[in-house]
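Content type PDB, C-alpha atoms and all ligand atoms, from the file run-v2.pdb:
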ATOM      1  CA  MET A   1       0.000   0.000   0.000
ATOM      2  CA  GLN A   2       1.264   3.466  -0.884
ATOM      3  CA  THR A   3       0.439   6.902   0.443
ATOM      4  CA  LEU A   4      -0.946   9.536  -1.908
ATOM      5  CA  TYR A   5      -1.080  12.167   0.813
ATOM      6  CA  THR A   6       0.538  15.557   0.393
ATOM      7  CA  ARG A   7       0.290  17.740   3.466
ATOM      8  CA  GLY A   8       0.029  21.490   3.810
ATOM      9  CA  SER A   9       2.306  23.490   6.088
ATOM     10  CA  ALA A  10       0.485  22.852   9.405
ATOM     11  CA  ALA A  11       0.674  19.494  11.212
ATOM     12  CA  PRO A  12      -2.359  17.454  10.041
ATOM     13  CA  SER A  13      -4.954  17.013  12.783
ATOM     14  CA  PHE A  14      -6.443  13.671  13.829
ATOM     15  CA  ALA A  15      -9.595  13.540  15.959
ATOM     16  CA  TYR A  16      -9.633  10.428  18.157
ATOM     17  CA  LEU A  17     -11.383   8.922  21.175
ATOM     18  CA  GLY A  18      -9.243  10.137  24.059
ATOM     19  CA  PRO A  19      -7.643  10.664  26.409
ATOM     20  CA  ALA A  20      -4.110   9.644  25.417
ATOM     21  CA  GLY A  21      -3.520   5.921  25.770
ATOM     22  CA  THR A  22      -6.697   4.575  24.129
ATOM     23  CA  TYR A  23      -6.588   1.967  21.402
ATOM     24  CA  THR A  24      -7.912   4.668  19.070
ATOM     25  CA  ASP A  25      -4.860   6.759  19.990
ATOM     26  CA  GLU A  26      -2.673   3.819  18.961
ATOM     27  CA  ALA A  27      -4.590   3.484  15.669
ATOM     28  CA  ALA A  28      -4.304   7.247  14.986
ATOM     29  CA  ARG A  29      -0.524   7.064  15.444
ATOM     30  CA  ALA A  30      -0.362   4.042  13.119
ATOM     31  CA  PHE A  31      -2.350   5.917  10.421
ATOM     32  CA  ALA A  32      -0.125   8.997  10.806
ATOM     33  CA  ALA A  33       2.988   6.816  10.418
ATOM     34  CA  ARG A  34       1.564   5.200   7.272
ATOM     35  CA  LEU A  35       0.906   8.679   5.872
ATOM     36  CA  GLY A  36       4.491   9.715   6.633
ATOM     37  CA  ILE A  37       3.347  12.291   9.213
ATOM     38  CA  GLU A  38       5.868  12.467  12.047
ATOM     39  CA  ASP A  39       4.213  15.263  14.020
ATOM     40  CA  PRO A  40       0.447  14.579  13.967
ATOM     41  CA  ASP A  41      -1.754  16.974  15.916
ATOM     42  CA  LEU A  42      -3.813  14.466  17.929
ATOM     43  CA  VAL A  43      -7.047  16.063  19.133
ATOM     44  CA  GLU A  44      -8.954  14.109  21.791
ATOM     45  CA  PHE A  45     -12.742  13.745  21.994
ATOM     46  CA  SER A  46     -14.901  11.782  24.385
ATOM     47  CA  SER A  47     -17.011   9.795  21.896
ATOM     48  CA  PHE A  48     -16.939   8.546  18.321
ATOM     49  CA  ASP A  49     -19.931  10.858  17.641
ATOM     50  CA  GLU A  50     -17.742  13.848  18.510
ATOM     51  CA  VAL A  51     -14.943  12.540  16.291
ATOM     52  CA  PHE A  52     -17.369  12.375  13.347
ATOM     53  CA  ASP A  53     -18.676  15.833  14.145
ATOM     54  CA  SER A  54     -15.215  17.394  14.210
ATOM     55  CA  VAL A  55     -14.424  15.923  10.788
ATOM     56  CA  ASP A  56     -17.793  16.911   9.295
ATOM     57  CA  ARG A  57     -17.321  20.478  10.503
ATOM     58  CA  GLY A  58     -13.728  20.656   9.248
ATOM     59  CA  ARG A  59     -12.287  21.124  12.765
ATOM     60  CA  CYS A  60      -9.934  18.179  12.142
ATOM     61  CA  GLU A  61      -8.674  16.912   8.807
ATOM     62  CA  PHE A  62      -8.836  13.249   9.826
ATOM     63  CA  GLY A  63     -10.773  11.206  12.352
ATOM     64  CA  VAL A  64     -10.127   7.727  13.728
ATOM     65  CA  VAL A  65     -13.037   5.545  14.842
ATOM     66  CA  GLY A  66     -13.453   1.887  15.850
ATOM     67  CA  LYS A  67     -15.543   0.004  13.287
ATOM     68  CA  GLU A  68     -15.543  -3.699  14.042
ATOM     69  CA  ASN A  69     -14.270  -5.991  16.767
ATOM     70  CA  ALA A  70     -13.483  -9.663  16.294
ATOM     71  CA  LEU A  71     -15.393 -10.623  19.481
ATOM     72  CA  GLU A  72     -18.158  -8.042  19.687
ATOM     73  CA  GLY A  73     -18.852  -7.390  15.986
ATOM     74  CA  PRO A  74     -19.571  -4.026  14.386
ATOM     75  CA  VAL A  75     -19.412  -0.847  16.468
ATOM     76  CA  THR A  76     -22.997   0.297  15.943
ATOM     77  CA  ALA A  77     -22.362   3.959  16.852
ATOM     78  CA  THR A  78     -19.860   4.092  13.992
ATOM     79  CA  LEU A  79     -22.070   2.323  11.439
ATOM     80  CA  ASP A  80     -24.969   4.637  12.337
ATOM     81  CA  ASN A  81     -22.785   7.701  11.820
ATOM     82  CA  PHE A  82     -21.618   6.422   8.444
ATOM     83  CA  ALA A  83     -25.146   5.579   7.337
ATOM     84  CA  LEU A  84     -27.353   8.227   8.922
ATOM     85  CA  LYS A  85     -25.643  11.153  10.614
ATOM     86  CA  SER A  86     -22.302  11.950   9.037
ATOM     87  CA  SER A  87     -21.183  12.735   5.503
ATOM     88  CA  ALA A  88     -17.577  11.698   6.241
ATOM     89  CA  THR A  89     -15.849   9.234   3.959
ATOM     90  CA  ILE A  90     -13.696   6.219   4.864
ATOM     91  CA  LEU A  91     -10.107   6.704   3.643
ATOM     92  CA  GLY A  92      -8.466   3.592   5.040
ATOM     93  CA  GLU A  93      -8.391   0.876   7.673
ATOM     94  CA  GLU A  94      -6.007  -0.296  10.368
ATOM     95  CA  VAL A  95      -6.358  -3.608  12.208
ATOM     96  CA  LEU A  96      -4.977  -3.660  15.765
ATOM     97  CA  ASP A  97      -4.408  -6.604  18.086
ATOM     98  CA  ILE A  98      -6.202  -5.782  21.319
ATOM     99  CA  HIS A  99      -4.596  -7.084  24.512
ATOM    100  CA  HIS A 100      -6.286  -5.800  27.653
ATOM    101  CA  CYS A 101      -4.616  -5.454  31.059
ATOM    102  CA  LEU A 102      -6.198  -5.277  34.520
ATOM    103  CA  LEU A 103      -5.059  -2.089  36.249
ATOM    104  CA  LEU A 104      -4.974  -1.215  39.944
ATOM    105  CA  GLN A 105      -3.586   1.654  41.947
ATOM    106  CA  PRO A 106      -0.011   0.823  43.003
ATOM    107  CA  GLY A 107      -0.267  -1.044  46.316
ATOM    108  CA  ALA A 108      -4.030  -1.677  46.024
ATOM    109  CA  LYS A 109      -5.267  -5.230  46.463
ATOM    110  CA  ILE A 110      -7.672  -7.072  44.214
ATOM    111  CA  GLU A 111      -9.758  -8.031  47.325
ATOM    112  CA  ASP A 112     -10.480  -4.347  47.940
ATOM    113  CA  VAL A 113     -11.896  -3.745  44.472
ATOM    114  CA  THR A 114     -15.619  -2.912  44.456
ATOM    115  CA  ARG A 115     -15.987  -1.700  40.842
ATOM    116  CA  VAL A 116     -14.548  -2.676  37.457
ATOM    117  CA  ALA A 117     -14.348   0.172  34.966
ATOM    118  CA  SER A 118     -13.715   0.311  31.219
ATOM    119  CA  HIS A 119     -15.114   1.264  27.836
ATOM    120  CA  ALA A 120     -18.186  -0.892  27.079
ATOM    121  CA  GLN A 121     -16.100  -2.870  24.551
ATOM    122  CA  GLY A 122     -13.348  -3.472  27.108
ATOM    123  CA  LEU A 123     -15.847  -4.825  29.665
ATOM    124  CA  ALA A 124     -17.556  -6.972  27.015
ATOM    125  CA  GLN A 125     -14.269  -8.424  25.738
ATOM    126  CA  CYS A 126     -13.178  -9.480  29.250
ATOM    127  CA  ARG A 127     -16.491 -10.897  30.573
ATOM    128  CA  ARG A 128     -15.066 -14.300  31.466
ATOM    129  CA  PHE A 129     -12.066 -12.859  33.343
ATOM    130  CA  ILE A 130     -14.354 -10.509  35.327
ATOM    131  CA  THR A 131     -16.777 -13.325  36.193
ATOM    132  CA  GLU A 132     -13.977 -15.621  37.354
ATOM    133  CA  ARG A 133     -11.635 -13.180  39.102
ATOM    134  CA  LEU A 134     -13.878 -10.279  40.134
ATOM    135  CA  PRO A 135     -17.327 -11.844  40.656
ATOM    136  CA  GLY A 136     -20.080  -9.603  41.972
ATOM    137  CA  ARG A 137     -18.257  -6.326  41.361
ATOM    138  CA  ALA A 138     -20.259  -3.499  39.810
ATOM    139  CA  SER A 139     -19.345  -2.464  36.269
ATOM    140  CA  VAL A 140     -18.650   1.160  35.478
ATOM    141  CA  VAL A 141     -18.751   2.140  31.806
ATOM    142  CA  THR A 142     -16.223   4.846  31.000
ATOM    143  CA  ALA A 143     -15.992   6.844  27.763
ATOM    144  CA  SER A 144     -12.763   5.011  26.881
ATOM    145  CA  THR A 145     -10.343   2.444  28.283
ATOM    146  CA  ALA A 146      -7.787   5.167  29.088
ATOM    147  CA  ASP A 147     -10.490   6.951  31.105
ATOM    148  CA  SER A 148     -10.716   3.846  33.296
ATOM    149  CA  ALA A 149      -6.956   4.081  33.926
ATOM    150  CA  ARG A 150      -7.468   7.690  35.058
ATOM    151  CA  LEU A 151     -10.242   6.565  37.401
ATOM    152  CA  VAL A 152      -7.969   3.891  38.891
ATOM    153  CA  ALA A 153      -5.342   6.574  39.587
ATOM    154  CA  GLU A 154      -7.927   8.373  41.763
ATOM    155  CA  ASP A 155      -9.605   5.448  43.513
ATOM    156  CA  PRO A 156      -8.001   2.326  45.078
ATOM    157  CA  THR A 157     -11.327   0.453  44.996
ATOM    158  CA  VAL A 158     -11.611   0.626  41.185
ATOM    159  CA  ALA A 159     -10.005  -1.846  38.768
ATOM    160  CA  GLY A 160      -9.575  -0.656  35.182
ATOM    161  CA  ILE A 161      -9.261  -2.434  31.849
ATOM    162  CA  ALA A 162      -6.947  -0.742  29.352
ATOM    163  CA  ASN A 163      -3.604  -1.249  27.636
ATOM    164  CA  ALA A 164      -0.186  -1.181  29.300
ATOM    165  CA  PHE A 165       0.624   2.173  27.687
ATOM    166  CA  ALA A 166      -2.360   3.782  29.472
ATOM    167  CA  ALA A 167      -1.200   2.238  32.778
ATOM    168  CA  ASP A 168       2.177   3.842  32.270
ATOM    169  CA  LEU A 169       0.729   7.226  31.301
ATOM    170  CA  TYR A 170      -1.524   7.475  34.357
ATOM    171  CA  GLY A 171       0.902   5.928  36.869
ATOM    172  CA  VAL A 172      -1.091   2.792  37.735
ATOM    173  CA  SER A 173      -0.035  -0.873  37.956
ATOM    174  CA  VAL A 174      -0.669  -3.712  35.532
ATOM    175  CA  VAL A 175      -1.773  -6.690  37.676
ATOM    176  CA  ALA A 176      -2.802  -9.056  34.854
ATOM    177  CA  ARG A 177      -2.137  -9.118  31.119
ATOM    178  CA  ASP A 178      -4.017 -10.556  28.125
ATOM    179  CA  ILE A 179      -7.273 -10.778  30.061
ATOM    180  CA  GLU A 180      -9.476 -10.723  26.932
ATOM    181  CA  ASP A 181     -11.799 -13.729  26.615
ATOM    182  CA  HIS A 182     -10.399 -14.977  23.321
ATOM    183  CA  PHE A 183      -7.047 -15.098  21.691
ATOM    184  CA  GLY A 184      -7.202 -13.157  18.406
ATOM    185  CA  ASN A 185      -9.054 -10.130  19.776
ATOM    186  CA  GLN A 186      -8.642  -7.553  17.003
ATOM    187  CA  THR A 187     -10.378  -4.280  16.175
ATOM    188  CA  VAL A 188     -10.651  -2.584  12.787
ATOM    189  CA  PHE A 189     -10.269   1.201  12.943
ATOM    190  CA  SER A 190     -11.332   3.490  10.097
ATOM    191  CA  LEU A 191      -9.541   6.633   9.036
ATOM    192  CA  ILE A 192     -12.202   9.152   8.017
ATOM    193  CA  GLY A 193     -12.065  12.480   6.196
ATOM    194  CA  ARG A 194     -14.589  15.136   5.291
ATOM    195  CA  GLN A 195     -16.924  14.349   2.359
ATOM    196  CA  GLY A 196     -14.957  14.672  -0.877
ATOM    197  CA  HIS A 197     -11.536  14.296   0.823
ATOM    198  CA  ALA A 198      -9.009  13.092  -1.757
ATOM    199  CA  PRO A 199      -7.861   9.466  -1.321
ATOM    200  CA  VAL A 200      -4.770   9.189   0.883
ATOM    201  CA  PHE A 201      -3.807   5.553   0.229
ATOM    202  CA  SER A 202      -3.545   3.499  -2.928
ATOM    203  CA  GLY A 203      -3.205  -0.248  -3.215
ATOM    204  CA  THR A 204      -3.961  -3.268  -5.320
ATOM    205  CA  ARG A 205      -6.979  -4.620  -3.403
ATOM    206  CA  TYR A 206      -9.883  -2.360  -2.454
ATOM    207  CA  LYS A 207     -12.967  -2.566  -0.271
ATOM    208  CA  THR A 208     -16.156  -0.502  -0.544
ATOM    209  CA  SER A 209     -18.698   0.359   2.187
ATOM    210  CA  VAL A 210     -22.269   1.313   1.318
ATOM    211  CA  ALA A 211     -25.475   2.155   3.183
ATOM    212  CA  LEU A 212     -28.597   1.027   1.333
ATOM    213  CA  PHE A 213     -32.033   2.522   1.974
ATOM    214  CA  MET A 214     -35.206   0.846   0.764
ATOM    215  CA  GLY A 215     -38.150   2.598  -0.840
ATOM    216  CA  GLU A 216     -41.409   0.880  -0.013
ATOM    217  CA  ASP A 217     -41.420  -2.125   2.289
ATOM    218  CA  ARG A 218     -41.837  -5.165   0.042
ATOM    219  CA  PRO A 219     -40.834  -8.836   0.133
ATOM    220  CA  GLY A 220     -37.458  -9.816  -1.254
ATOM    221  CA  THR A 221     -35.553  -6.517  -1.048
ATOM    222  CA  LEU A 222     -32.563  -7.996   0.772
ATOM    223  CA  ASN A 223     -32.669 -10.949  -1.590
ATOM    224  CA  MET A 224     -32.611  -8.537  -4.565
ATOM    225  CA  ILE A 225     -29.620  -6.628  -3.132
ATOM    226  CA  LEU A 226     -27.650  -9.812  -2.516
ATOM    227  CA  THR A 227     -28.555 -11.129  -5.976
ATOM    228  CA  GLU A 228     -27.344  -7.957  -7.739
ATOM    229  CA  LEU A 229     -24.035  -8.200  -5.871
ATOM    230  CA  ALA A 230     -23.760 -11.934  -6.567
ATOM    231  CA  TYR A 231     -24.456 -11.407 -10.318
ATOM    232  CA  ALA A 232     -21.555  -8.970 -10.410
ATOM    233  CA  ASN A 233     -19.389 -11.624  -8.692
ATOM    234  CA  ILE A 234     -18.790  -9.350  -5.717
ATOM    235  CA  ASN A 235     -17.558 -10.924  -2.480
ATOM    236  CA  LEU A 236     -19.265  -9.525   0.630
ATOM    237  CA  THR A 237     -17.270  -8.885   3.810
ATOM    238  CA  LEU A 238     -19.965  -7.389   6.081
ATOM    239  CA  VAL A 239     -23.767  -7.292   6.066
ATOM    240  CA  GLN A 240     -25.623  -5.495   8.853
ATOM    241  CA  SER A 241     -29.161  -4.286   9.125
ATOM    242  CA  ARG A 242     -29.632  -1.204  11.287
ATOM    243  CA  PRO A 243     -32.743   0.731  12.268
ATOM    244  CA  THR A 244     -33.164   3.978  10.328
ATOM    245  CA  LYS A 245     -34.463   5.549  13.592
ATOM    246  CA  GLN A 246     -37.520   6.784  11.656
ATOM    247  CA  ALA A 247     -40.079   4.194  12.765
ATOM    248  CA  LEU A 248     -40.244   0.823  14.490
ATOM    249  CA  GLY A 249     -39.327  -1.899  11.997
ATOM    250  CA  ASP A 250     -37.753   0.520   9.476
ATOM    251  CA  TYR A 251     -34.284  -0.774   8.634
ATOM    252  CA  MET A 252     -31.396  -0.043   6.276
ATOM    253  CA  PHE A 253     -28.505  -2.266   5.265
ATOM    254  CA  PHE A 254     -24.833  -1.494   5.810
ATOM    255  CA  ILE A 255     -22.816  -3.645   3.426
ATOM    256  CA  GLU A 256     -19.107  -3.952   2.672
ATOM    257  CA  PHE A 257     -17.550  -5.864  -0.185
ATOM    258  CA  GLU A 258     -14.294  -6.489  -2.000
ATOM    259  CA  GLY A 259     -13.537  -4.169  -4.918
ATOM    260  CA  GLY A 260     -13.330  -0.430  -5.489
ATOM    261  CA  VAL A 261     -15.823   2.028  -7.010
ATOM    262  CA  GLY A 262     -13.493   2.254 -10.009
ATOM    263  CA  ASP A 263     -14.155  -1.444 -10.858
ATOM    264  CA  LEU A 264     -16.641  -2.070 -13.637
ATOM    265  CA  ALA A 265     -18.381  -4.865 -11.708
ATOM    266  CA  VAL A 266     -18.884  -2.603  -8.682
ATOM    267  CA  GLN A 267     -20.167   0.270 -10.841
ATOM    268  CA  THR A 268     -22.632  -2.048 -12.594
ATOM    269  CA  ALA A 269     -23.953  -3.488  -9.328
ATOM    270  CA  LEU A 270     -24.297  -0.059  -7.686
ATOM    271  CA  ASN A 271     -26.086   1.377 -10.746
ATOM    272  CA  CYS A 272     -28.567  -1.523 -10.709
ATOM    273  CA  LEU A 273     -29.167  -0.967  -6.983
ATOM    274  CA  ARG A 274     -29.681   2.765  -7.553
ATOM    275  CA  LEU A 275     -32.542   1.932  -9.919
ATOM    276  CA  LYS A 276     -34.271  -0.222  -7.317
ATOM    277  CA  LEU A 277     -33.582   1.453  -3.968
ATOM    278  CA  ARG A 278     -34.408   4.837  -2.464
ATOM    279  CA  GLU A 279     -30.757   5.647  -1.752
ATOM    280  CA  VAL A 280     -27.353   4.091  -2.263
ATOM    281  CA  LYS A 281     -24.845   5.958  -0.107
ATOM    282  CA  VAL A 282     -21.222   5.095  -0.845
ATOM    283  CA  VAL A 283     -19.450   5.650   2.468
ATOM    284  CA  GLY A 284     -15.965   4.879   1.204
ATOM    285  CA  SER A 285     -13.824   2.902  -1.200
ATOM    286  CA  TYR A 286     -10.307   2.327   0.090
ATOM    287  CA  PRO A 287      -7.365  -0.104  -0.090
ATOM    288  CA  VAL A 288      -7.522  -3.166   2.171
ATOM    289  CA  ALA A 289      -5.255  -2.954   5.243
TER
HETATM  290  O1  LIG B 301     -11.531   2.931  24.703
HETATM  291  C1  LIG B 301     -10.617   2.759  23.863
HETATM  292  O2  LIG B 301      -9.436   2.607  24.149
HETATM  293  C2  LIG B 301     -10.986   2.681  22.449
HETATM  294  O3  LIG B 301     -10.222   3.069  21.616
HETATM  295  C3  LIG B 301     -12.265   1.946  22.101
HETATM  296  C4  LIG B 301     -11.967   0.497  22.171
HETATM  297  C5  LIG B 301     -12.196  -0.187  23.342
HETATM  298  C6  LIG B 301     -11.892  -1.554  23.407
HETATM  299  C7  LIG B 301     -11.351  -2.194  22.308
HETATM  300  C8  LIG B 301     -11.125  -1.491  21.142
HETATM  301  C9  LIG B 301     -11.434  -0.126  21.078
END
Reformat the file's structure so that it appears as structure tokens.
Ligand SMILES: O=C(O)C(=O)Cc1ccccc1
Amino acid sequence: MQTLYTRGSAAPSFAYLGPAGTYTDEAARAFAARLGIEDPDLVEFSSFDEVFDSVDRGRCEFGVVGKENALEGPVTATLDNFALKSSATILGEEVLDIHHCLLLQPGAKIEDVTRVASHAQGLAQCRRFITERLPGRASVVTASTADSARLVAEDPTVAGIANAFAADLYGVSVVARDIEDHFGNQTVFSLIGRQGHAPVFSGTRYKTSVALFMGEDRPGTLNMILTELAYANINLTLVQSRPTKQALGDYMFFIEFEGGVGDLAVQTALNCLRLKLREVKVVGSYPVA
């Protein structure tokens, strides 16, 4: 994969889910390195919604958001932004291995812990460890994993779940490593840019993400969509239905597949779908990580 990015004079800004030490921070640094940016301006936000907003409004050139986890599946807040709320485009992907640590205040004992804090994904990915080693403790959902490390620094009765870098940053101890429920815990992060942002990566294999909105509710719509894609010999990599938030039972489909919008097969399939659906929103077409 090559970078096509040419920067202006200022350090390019990356909106990410902060504070420093989150997995999104790690992904933002990896994207910056791939783009050849040595001095990224990392701007922290407290939710993926805010990251999208800052990119849509042009406050930051790039944004980094979690999209899919190997254990927990798609990050619905991100898919809903892509499909419904944001006009940002996906510029690239980064896959990170996620290894969670259990954090305590230095000197604190596991027996004194009354609450386990982390990002919802961190808690979900370590359910078995929490059930076995910290049964009966209340869960506290923090805005990010690094936020749980900050909480641990203030309270000896809280255990946090975050990475070792966050432990280091906030001066707390790592008492257990690799506490995720399954080996192979990975998360896909998307690099996003404002609508119409020029591509920043080029490669040989591409992926395309689309949000598909139905017109009237009639039998066989999903079947029709899948058939059009199958006719064009397109290999699907993700299919999700999500509520449109308009009315109970009103759904759209978020679909990803191999191939770029420059490919004839993809253009043919998307044109056929445009004739049959209310809206075909292309969220991004980018080289595979
Ligand atoms: O909270 C973080 O560190 C994030 O970046 C979100 C997240 C949480 C758990 C696994 C992957 C990403």
Which residues would end up in the selection if the PyMOL selection byres (((not hetatm)) within 9 of (chain B and resi 301)) were applied here, given that I need the answer as a ChimeraX atom specification? /A:16-27,48,65-69,96-100,118-125,142-148,161-163,166,185-189
Translate the PyMOL selection byres (((chain A and resi 174-178) around 6) and not hetatm) into a concrete residue list for this structure, as a ChimeraX atom specification. /A:99-103,173,179-180
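With CA of Met1 (chain A) on one side and CA of Val288 (chain A) on the other, the separation reads 8.4 Å.
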Centre, edges in Å (one decimal): axis-aligned box, region 87-102 of chain A, 8 Å padding on all six sides, as AutoDock Vina command-line options:
--center_x -12.8 --center_y 2.8 --center_z 19.1 --size_x 32.8 --size_y 35.8 --size_z 46.9
Answer key for the PyMOL selection byres (((chain A and resi 40-44) around 8) and not hetatm), residues as a ChimeraX atom specification: /A:11-20,28-29,32,37-39,45-46,60
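One distance worth recording is that between CA of Gly259 (chain A) and CA of Arg194 (chain A), which is 21.9 Å.
Of the listed residues (A:Lys109, A:Lys207, A:His182, A:Arg59), A:Lys207 comes nearest to Glu93 (chain A); the distances count all atoms listed in the file.
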Compile a residue-level contact table for region 158-243 of chain A against region 266-278 of chain A at a cut-off of 12 Å, reporting for every qualifying residue the shortest atom pair and its distance in Å to one decimal, with only C-alpha atoms counted, rows ordered by chain and ascending number, as CSV.
residue,atom,partner,partner_atom,distance
A:Tyr206,CA,A:Val266,CA,10.9
A:Lys207,CA,A:Val266,CA,10.3
A:Thr208,CA,A:Val266,CA,8.8
A:Ser209,CA,A:Val266,CA,11.3
A:Val210,CA,A:Leu270,CA,9.3
A:Ala211,CA,A:Leu277,CA,10.8
A:Leu212,CA,A:Leu277,CA,7.3
A:Phe213,CA,A:Arg278,CA,5.5
A:Met214,CA,A:Leu277,CA,5.0
A:Gly215,CA,A:Arg278,CA,4.7
A:Glu216,CA,A:Arg278,CA,8.4
A:Asp217,CA,A:Leu277,CA,10.6
A:Arg218,CA,A:Leu277,CA,11.3
A:Gly220,CA,A:Lys276,CA,11.8
A:Thr221,CA,A:Leu277,CA,8.7
A:Leu222,CA,A:Leu277,CA,10.6
A:Asn223,CA,A:Leu273,CA,11.9
A:Met224,CA,A:Leu273,CA,8.7
A:Ile225,CA,A:Leu273,CA,6.9
A:Leu226,CA,A:Ala269,CA,10.0
A:Thr227,CA,A:Ala269,CA,9.5
A:Glu228,CA,A:Ala269,CA,5.8
A:Leu229,CA,A:Ala269,CA,5.8
A:Ala230,CA,A:Ala269,CA,8.9
A:Tyr231,CA,A:Ala269,CA,8.0
A:Ala232,CA,A:Ala269,CA,6.1
A:Asn233,CA,A:Val266,CA,9.0
A:Ile234,CA,A:Val266,CA,7.4
A:Asn235,CA,A:Val266,CA,10.5
A:Leu236,CA,A:Val266,CA,11.6
Smallest atom-to-atom distance to Gln105 (chain A): which of A:Val55, A:Val140, A:Val172, A:Leu151, using all atoms listed in the file? A:Val172
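If you count only C-alpha atoms and ignore residues fewer than 6 places along the chain from Glu111 (chain A), what sits within 10 Å of it is Arg133, Leu134 and Thr157 of chain A.
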Saved selection, atoms kept: C-alpha atoms, as an mmCIF file, keeping the file's coordinate frame:
data_model
loop_
_atom_site.group_PDB
_atom_site.id
_atom_site.type_symbol
_atom_site.label_atom_id
_atom_site.label_comp_id
_atom_site.auth_asym_id
_atom_site.auth_seq_id
_atom_site.Cartn_x
_atom_site.Cartn_y
_atom_site.Cartn_z
ATOM 1 C CA ARG A 133 -11.635 -13.180 39.102
ATOM 2 C CA LEU A 134 -13.878 -10.279 40.134
ATOM 3 C CA THR A 157 -11.327 0.453 44.996
#
CA of Gly284 (chain A) to CA of Ser54 (chain A), straight-line distance in Å: 18.1 Å
Place a sphere of radius 7 Å on (-14.0, -1.3, 39.5) in the file coordinates and name every protein, DNA or RNA residue with an atom inside or on its surface, counting all atoms listed in the file; give the answer as number ranges by chain. A: 113-117, 137-140, 157-160
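When all atoms listed in the file are used to compute distances to Asp155 (chain A), the closest of the residues A:Gly203, A:Gly193, A:Pro106, A:Gly136 turns out to be A:Pro106.
Minimum atom-to-atom distances from A:Ile90, A:Gly184, A:Ile110, A:Ser9 to Ala70 (chain A) were compared using all atoms listed in the file, and the lowest value belongs to A:Gly184.
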Could N, CA and C atoms be built for region 101-117 of chain A and written out as a PDB file, in the coordinates of the input?
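Writing the result to selection_15.pdb gives the following:
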ATOM      1  N   CYS A 101      -5.265  -5.209  29.759  1.00  0.00           N
ATOM      2  CA  CYS A 101      -4.616  -5.454  31.059  1.00  0.00           C
ATOM      3  C   CYS A 101      -5.601  -5.067  32.165  1.00  0.00           C
ATOM      4  N   LEU A 102      -5.453  -5.712  33.337  1.00  0.00           N
ATOM      5  CA  LEU A 102      -6.198  -5.277  34.520  1.00  0.00           C
ATOM      6  C   LEU A 102      -5.300  -4.318  35.287  1.00  0.00           C
ATOM      7  N   LEU A 103      -5.846  -3.142  35.596  1.00  0.00           N
ATOM      8  CA  LEU A 103      -5.059  -2.089  36.249  1.00  0.00           C
ATOM      9  C   LEU A 103      -5.569  -1.810  37.654  1.00  0.00           C
ATOM     10  N   LEU A 104      -4.638  -1.615  38.564  1.00  0.00           N
ATOM     11  CA  LEU A 104      -4.974  -1.215  39.944  1.00  0.00           C
ATOM     12  C   LEU A 104      -4.047  -0.080  40.352  1.00  0.00           C
ATOM     13  N   GLN A 105      -4.486   0.642  41.378  1.00  0.00           N
ATOM     14  CA  GLN A 105      -3.586   1.654  41.947  1.00  0.00           C
ATOM     15  C   GLN A 105      -2.373   0.926  42.521  1.00  0.00           C
ATOM     16  N   PRO A 106      -1.171   1.496  42.420  1.00  0.00           N
ATOM     17  CA  PRO A 106      -0.011   0.823  43.003  1.00  0.00           C
ATOM     18  C   PRO A 106      -0.273   0.554  44.490  1.00  0.00           C
ATOM     19  N   GLY A 107      -0.060  -0.687  44.911  1.00  0.00           N
ATOM     20  CA  GLY A 107      -0.267  -1.044  46.316  1.00  0.00           C
ATOM     21  C   GLY A 107      -1.677  -1.505  46.638  1.00  0.00           C
ATOM     22  N   ALA A 108      -2.644  -1.249  45.750  1.00  0.00           N
ATOM     23  CA  ALA A 108      -4.030  -1.677  46.024  1.00  0.00           C
ATOM     24  C   ALA A 108      -4.144  -3.188  45.840  1.00  0.00           C
ATOM     25  N   LYS A 109      -5.111  -3.767  46.560  1.00  0.00           N
ATOM     26  CA  LYS A 109      -5.267  -5.230  46.463  1.00  0.00           C
ATOM     27  C   LYS A 109      -6.559  -5.569  45.725  1.00  0.00           C
ATOM     28  N   ILE A 110      -6.513  -6.672  45.019  1.00  0.00           N
ATOM     29  CA  ILE A 110      -7.672  -7.072  44.214  1.00  0.00           C
ATOM     30  C   ILE A 110      -8.892  -7.315  45.119  1.00  0.00           C
ATOM     31  N   GLU A 111      -8.631  -7.767  46.381  1.00  0.00           N
ATOM     32  CA  GLU A 111      -9.758  -8.031  47.325  1.00  0.00           C
ATOM     33  C   GLU A 111     -10.502  -6.747  47.681  1.00  0.00           C
ATOM     34  N   ASP A 112      -9.835  -5.611  47.556  1.00  0.00           N
ATOM     35  CA  ASP A 112     -10.480  -4.347  47.940  1.00  0.00           C
ATOM     36  C   ASP A 112     -11.276  -3.700  46.794  1.00  0.00           C
ATOM     37  N   VAL A 113     -11.218  -4.331  45.634  1.00  0.00           N
ATOM     38  CA  VAL A 113     -11.896  -3.745  44.472  1.00  0.00           C
ATOM     39  C   VAL A 113     -13.412  -3.922  44.586  1.00  0.00           C
ATOM     40  N   THR A 114     -14.149  -2.833  44.421  1.00  0.00           N
ATOM     41  CA  THR A 114     -15.619  -2.912  44.456  1.00  0.00           C
ATOM     42  C   THR A 114     -16.226  -2.659  43.073  1.00  0.00           C
ATOM     43  N   ARG A 115     -15.454  -2.033  42.170  1.00  0.00           N
ATOM     44  CA  ARG A 115     -15.987  -1.700  40.842  1.00  0.00           C
ATOM     45  C   ARG A 115     -14.943  -1.980  39.763  1.00  0.00           C
ATOM     46  N   VAL A 116     -15.434  -2.445  38.607  1.00  0.00           N
ATOM     47  CA  VAL A 116     -14.548  -2.676  37.457  1.00  0.00           C
ATOM     48  C   VAL A 116     -14.971  -1.696  36.361  1.00  0.00           C
ATOM     49  N   ALA A 117     -14.016  -0.887  35.923  1.00  0.00           N
ATOM     50  CA  ALA A 117     -14.348   0.172  34.966  1.00  0.00           C
ATOM     51  C   ALA A 117     -13.642  -0.052  33.637  1.00  0.00           C
TER      52      ALA A 117
END
